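Asks: Take this structure, written in structure tokens, and hold onto it; I'll ask about it next.
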Amino acid sequence: MHPDWLVPDWDAPNVGALMTTRRGGISAIAATPVYLKQVHGARVVRLGRADAQPGAPVHEADACVTTERGIACTAQVADCLPVLFAAPGGVAAAHAGWRGLAAGVLEVTLRTLCEAAACEPSQVQTWLGACIGPRSFEVGADVLRAFGAAEDASDPSRFKPNAPCKWLANLPQLARDRLTACGVVSIGGGEWCTVEDTSRFFSYRRERITGRMVAAVWLRD
């Protein structure tokens with residue numbers, strides 16, 4: 001594992017997890033990464049061993065869940081928020097841009113994981129990776145409407161007025177809100193900005209043509 005990569009600070013000894021940066025690759029982990037065709041939606045797929053085989057079809061979804069060892073659930077990002085989940089006997093990864101977040105990708109991921117692992121939301125640990133931060137994510141009224149926020153109400157912890165008809169959105173806080181509402185108690189991370197930290201992270205908003213980071217989580221043998 002590259003020393004620059006991010007690692008969740010959760011208490012999950014039977015779970016491996018990381019998020020890559022600009023440095024290093026992702027080949028040297030103890031599981032086979034399964035990648036998705038991400039479409040900024042809320043579809044979640046449950047992965048099995050067949051999904052980790054060479055030539056396996058690529059699922060069109062924005063989150064994945066597994067209860068099998070040897071498979072790494074992944075989310076690829078370059079400003080969107082990656083969210084990793086660790087439960088007793090299962091793991092999940094979600095790609096949460098504002099569209100997917102508003103559509104309920106975290107709620108569906110949590111529900112699918114709890115069903116697969118036969119656990120409660122309070123037993124699930126979550127971790128928010130690096131994403132576009134609250135000083136850089138300028139949005140319009142369409143984003144406020146997607147989250148049910150009023151344009152004339154200032155809530156700087158979530159949407160801070162920035163310019164005429166523009167606001168700065170706090171993507172990690174919006175994700176925390178949704179996870180907390182579902183009964184998740186353990187929520188970590190969410191403190192890195194992909195736009196501001198130019199040397200460490202890729203950023204689509206900053207560079208337009210850029211690479212991707214990968215957040216991955218797997219059950220240890």
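Naming works like this for the structure tokens: A, B, ... for the chains as they're shown, residue 1 at the start of each chain, ligands 1 onward in shown order.
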Tell me, as a ChimeraX atom specification, which residues lie within 8 Å of Leu6 in chain A, counting only C-alpha atoms; anything in the same chain fewer than 6 positions away does not count.

Replies: /A:18-21,129

Asks: What does the file look like for those residues with N, CA and C atoms, as an mmCIF file, in the first residue's frame?

Replies:
```cif
data_model
loop_
_atom_site.group_PDB
_atom_site.id
_atom_site.type_symbol
_atom_site.label_atom_id
_atom_site.label_comp_id
_atom_site.auth_asym_id
_atom_site.auth_seq_id
_atom_site.Cartn_x
_atom_site.Cartn_y
_atom_site.Cartn_z
ATOM 1 N N LEU A 18 -9.111 1.480 1.512
ATOM 2 C CA LEU A 18 -8.164 2.522 1.146
ATOM 3 C C LEU A 18 -8.790 3.431 0.109
ATOM 4 N N MET A 19 -8.149 4.585 -0.088
ATOM 5 C CA MET A 19 -8.447 5.446 -1.227
ATOM 6 C C MET A 19 -7.131 5.883 -1.820
ATOM 7 N N THR A 20 -6.956 5.685 -3.119
ATOM 8 C CA THR A 20 -5.718 6.061 -3.773
ATOM 9 C C THR A 20 -5.646 7.576 -3.960
ATOM 10 N N THR A 21 -4.450 8.046 -4.283
ATOM 11 C CA THR A 21 -4.227 9.447 -4.622
ATOM 12 C C THR A 21 -3.570 9.476 -6.002
ATOM 13 N N GLY A 129 -14.535 9.588 1.727
ATOM 14 C CA GLY A 129 -13.217 9.859 1.169
ATOM 15 C C GLY A 129 -13.071 11.305 0.719
#
```

Asks: Using only C-alpha atoms, tabulate the residues of range 4-70 of chain A lying at most 8 Å from any atom of range 170-194 of chain A, each with its closest atom pair and that distance in Å to one decimal, by chain and increasing residue number, as a Markdown table.

Replies:
```
| residue | atom | partner | partner_atom | distance |
| --- | --- | --- | --- | --- |
| A:Pro8 | CA | A:Gly189 | CA | 7.1 |
| A:Asp9 | CA | A:Gly188 | CA | 7.3 |
| A:Trp10 | CA | A:Gly188 | CA | 7.4 |
```

Asks: Mind checking DSSP for range 53-195 of chain A and telling me the strand (DSSP E) residues as a ChimeraX atom specification?

Replies: /A:63-66,71-77,81-87,90-96,125-128,138-139,159-163,166-169,186-189

Asks: For CA of Leu47 in chain A and CA of Ala102 in chain A, quote the distance in Å rounded to one decimal.

Replies: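 That distance, rounded to one decimal, is 23.9 Å.
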
Asks: Which one of A:Val58, A:Ala150, A:Ala17, A:Ile71 sits closest to Thr32 in chain A if you count only C-alpha atoms?

Replies: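 The shortest atom-to-atom distance to Thr32 in chain A comes from A:Ile71.
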
Asks: Could you state the separation of CA of Cys114 in chain A and CA of Ala31 in chain A in Å, given to one decimal place?

Replies: 21.7 Å

Asks: Which residues, written as an mmCIF file with C-alpha atoms, in the first residue's frame, have at least one atom at most 7 Å from Trp167 in chain A, with only C-alpha atoms counted and residues fewer than 4 positions away on the same chain left out?

Replies:
```cif
data_model
loop_
_atom_site.group_PDB
_atom_site.id
_atom_site.type_symbol
_atom_site.label_atom_id
_atom_site.label_comp_id
_atom_site.auth_asym_id
_atom_site.auth_seq_id
_atom_site.Cartn_x
_atom_site.Cartn_y
_atom_site.Cartn_z
ATOM 1 C CA GLU A 138 -20.275 26.170 -6.339
ATOM 2 C CA VAL A 139 -23.789 25.103 -7.366
ATOM 3 C CA GLY A 140 -27.000 26.583 -8.708
ATOM 4 C CA PHE A 159 -25.397 25.654 1.395
ATOM 5 C CA LYS A 160 -23.621 28.993 1.774
ATOM 6 C CA PRO A 161 -24.559 31.945 -0.478
ATOM 7 C CA ASN A 162 -21.602 32.777 -2.699
ATOM 8 C CA ALA A 163 -22.775 34.898 -5.659
#
```

Asks: For range 78-92 of chain A, please output as number ranges by chain all residues within 7 Å (counting only C-alpha atoms; exclusion window: fewer than 6 positions along the same chain).

Replies: A: 15, 64-67, 113, 117, 123-132, 194, 202-204, 212-213, 215, 217-219

Asks: Can you write out the residues you just picked, keeping C-alpha atoms, as a compact mmCIF listing (two decimals), in the first residue's frame?

Replies:
```
# COMPACT_ATOMS: atom_id res chain seq x y z
CA VAL A 15 -12.01 -5.24 6.68
CA CYS A 64 -21.83 -2.28 -4.90
CA VAL A 65 -22.09 -4.66 -1.95
CA THR A 66 -20.43 -7.98 -1.20
CA THR A 67 -20.38 -10.54 1.58
CA LEU A 113 -25.75 -4.10 2.79
CA ALA A 117 -25.12 -9.04 6.02
CA GLN A 123 -23.78 -1.74 13.26
CA VAL A 124 -22.41 -0.29 10.02
CA GLN A 125 -19.30 1.88 10.01
CA THR A 126 -18.96 4.43 7.20
CA TRP A 127 -16.11 6.53 5.86
CA LEU A 128 -16.19 9.50 3.50
CA GLY A 129 -13.22 9.86 1.17
CA ALA A 130 -11.78 12.90 -0.60
CA CYS A 131 -14.18 14.97 -2.72
CA ILE A 132 -14.77 18.56 -3.84
CA THR A 194 -9.84 17.32 -4.29
CA PHE A 202 -7.29 14.51 -9.36
CA SER A 203 -10.14 17.00 -9.88
CA TYR A 204 -12.48 17.12 -12.86
CA ARG A 212 -9.47 9.12 -11.20
CA MET A 213 -8.87 8.03 -7.62
CA ALA A 215 -11.79 3.99 -3.04
CA VAL A 217 -13.14 -1.93 0.57
CA TRP A 218 -12.96 -5.70 1.05
CA LEU A 219 -13.35 -8.46 3.61
```

Asks: Nearest to Trp5 in chain A: which of A:Gly24, A:Gly97, A:Pro33, A:Gly133 is it, counting only C-alpha atoms?

Replies: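 For Trp5 in chain A, the nearest of the given residues is A:Gly24.
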
Asks: Range 5-221 of chain A: which residues are alpha helix (DSSP H) by DSSP, as a PyMOL selection string?

Replies: chain A and resi 98-103+105-117+141-146+171-181+204-207

Asks: Put those residues in a file: N, CA and C atoms, as a CSV table (one decimal), in the first residue's frame.

Replies:
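What landed in selection_9.csv:
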```
chain,number,residue,atom,x,y,z
A,98,TRP,N,-23.6,14.8,-6.4
A,98,TRP,CA,-24.8,15.4,-5.8
A,98,TRP,C,-26.0,14.7,-6.4
A,99,ARG,N,-26.0,14.3,-7.7
A,99,ARG,CA,-27.2,13.7,-8.3
A,99,ARG,C,-27.5,12.3,-7.6
A,100,GLY,N,-26.5,11.5,-7.5
A,100,GLY,CA,-26.7,10.2,-6.8
A,100,GLY,C,-27.1,10.4,-5.4
A,101,LEU,N,-26.4,11.3,-4.7
A,101,LEU,CA,-26.7,11.5,-3.3
A,101,LEU,C,-28.2,12.0,-3.1
A,102,ALA,N,-28.7,12.9,-4.0
A,102,ALA,CA,-30.0,13.3,-3.9
A,102,ALA,C,-31.0,12.2,-4.3
A,103,ALA,N,-30.6,11.3,-5.2
A,103,ALA,CA,-31.4,10.2,-5.6
A,103,ALA,C,-31.5,9.1,-4.6
A,105,VAL,N,-28.6,7.2,-3.3
A,105,VAL,CA,-27.6,6.1,-3.4
A,105,VAL,C,-27.1,5.6,-2.1
A,106,LEU,N,-26.9,6.5,-1.1
A,106,LEU,CA,-26.4,6.0,0.2
A,106,LEU,C,-27.5,5.2,0.9
A,107,GLU,N,-28.7,5.6,0.9
A,107,GLU,CA,-29.8,4.9,1.5
A,107,GLU,C,-30.0,3.5,0.9
A,108,VAL,N,-29.9,3.4,-0.4
A,108,VAL,CA,-30.1,2.1,-1.0
A,108,VAL,C,-28.9,1.2,-0.8
A,109,THR,N,-27.7,1.8,-0.8
A,109,THR,CA,-26.5,1.0,-0.4
A,109,THR,C,-26.6,0.4,1.0
A,110,LEU,N,-27.0,1.3,1.9
A,110,LEU,CA,-27.1,0.8,3.3
A,110,LEU,C,-28.1,-0.3,3.5
A,111,ARG,N,-29.2,-0.1,2.9
A,111,ARG,CA,-30.3,-1.1,3.0
A,111,ARG,C,-29.9,-2.4,2.3
A,112,THR,N,-29.2,-2.3,1.2
A,112,THR,CA,-28.8,-3.6,0.5
A,112,THR,C,-27.7,-4.3,1.4
A,113,LEU,N,-26.8,-3.5,2.0
A,113,LEU,CA,-25.8,-4.1,2.8
A,113,LEU,C,-26.3,-4.7,4.0
A,114,CYS,N,-27.3,-4.0,4.7
A,114,CYS,CA,-27.9,-4.6,5.9
A,114,CYS,C,-28.7,-5.9,5.6
A,115,GLU,N,-29.3,-5.9,4.5
A,115,GLU,CA,-30.0,-7.1,4.1
A,115,GLU,C,-29.1,-8.3,3.8
A,116,ALA,N,-28.0,-8.0,3.1
A,116,ALA,CA,-27.0,-9.0,2.7
A,116,ALA,C,-26.3,-9.5,3.9
A,117,ALA,N,-25.9,-8.7,4.9
A,117,ALA,CA,-25.1,-9.0,6.0
A,117,ALA,C,-26.0,-9.3,7.3
A,141,ALA,N,-29.3,26.8,-8.2
A,141,ALA,CA,-30.6,26.5,-7.5
A,141,ALA,C,-31.1,25.1,-7.7
A,142,ASP,N,-30.7,24.5,-8.9
A,142,ASP,CA,-31.2,23.1,-9.1
A,142,ASP,C,-30.7,22.2,-8.1
A,143,VAL,N,-29.5,22.4,-7.6
A,143,VAL,CA,-28.9,21.5,-6.6
A,143,VAL,C,-29.7,21.7,-5.2
A,144,LEU,N,-29.9,23.0,-4.9
A,144,LEU,CA,-30.7,23.2,-3.7
A,144,LEU,C,-32.1,22.6,-3.7
A,145,ARG,N,-32.7,22.7,-4.9
A,145,ARG,CA,-34.0,22.1,-5.0
A,145,ARG,C,-34.0,20.5,-4.9
A,146,ALA,N,-32.9,20.0,-5.4
A,146,ALA,CA,-32.7,18.5,-5.3
A,146,ALA,C,-32.7,18.0,-3.9
A,171,LEU,N,-20.8,18.9,0.3
A,171,LEU,CA,-21.1,17.5,-0.1
A,171,LEU,C,-21.0,16.5,1.0
A,172,PRO,N,-19.8,16.5,1.8
A,172,PRO,CA,-19.7,15.6,2.9
A,172,PRO,C,-20.8,15.8,4.0
A,173,GLN,N,-21.2,17.0,4.3
A,173,GLN,CA,-22.2,17.2,5.3
A,173,GLN,C,-23.6,16.7,4.8
A,174,LEU,N,-23.9,16.9,3.5
A,174,LEU,CA,-25.1,16.4,3.0
A,174,LEU,C,-25.1,14.8,3.1
A,175,ALA,N,-24.0,14.2,2.9
A,175,ALA,CA,-23.9,12.8,3.0
A,175,ALA,C,-24.1,12.3,4.5
A,176,ARG,N,-23.4,13.1,5.4
A,176,ARG,CA,-23.6,12.8,6.8
A,176,ARG,C,-25.1,12.9,7.2
A,177,ASP,N,-25.7,13.9,6.7
A,177,ASP,CA,-27.1,14.0,7.1
A,177,ASP,C,-27.9,12.8,6.7
A,178,ARG,N,-27.7,12.3,5.5
A,178,ARG,CA,-28.5,11.2,5.0
A,178,ARG,C,-28.1,9.9,5.8
A,179,LEU,N,-26.9,9.7,6.0
A,179,LEU,CA,-26.5,8.5,6.8
A,179,LEU,C,-27.0,8.5,8.2
A,180,THR,N,-26.9,9.7,8.8
A,180,THR,CA,-27.5,9.8,10.2
A,180,THR,C,-29.0,9.6,10.3
A,181,ALA,N,-29.7,10.1,9.3
A,181,ALA,CA,-31.1,9.9,9.2
A,181,ALA,C,-31.5,8.4,9.1
A,204,TYR,N,-11.9,16.8,-11.6
A,204,TYR,CA,-12.5,17.1,-12.9
A,204,TYR,C,-12.8,18.6,-13.0
A,205,ARG,N,-13.3,19.2,-11.9
A,205,ARG,CA,-13.7,20.6,-12.0
A,205,ARG,C,-12.5,21.5,-12.2
A,206,ARG,N,-11.4,21.1,-11.6
A,206,ARG,CA,-10.1,21.9,-11.8
A,206,ARG,C,-9.5,21.7,-13.1
A,207,GLU,N,-9.4,20.4,-13.6
A,207,GLU,CA,-8.6,20.0,-14.7
A,207,GLU,C,-9.4,19.6,-16.0
```

Asks: Report, in Å to a single decimal, how far apart CA of Gln38 in chain A and CA of Glu60 in chain A are.

Replies: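 Going from CA of Glu60 in chain A over to CA of Gln38 in chain A covers 6.0 Å.
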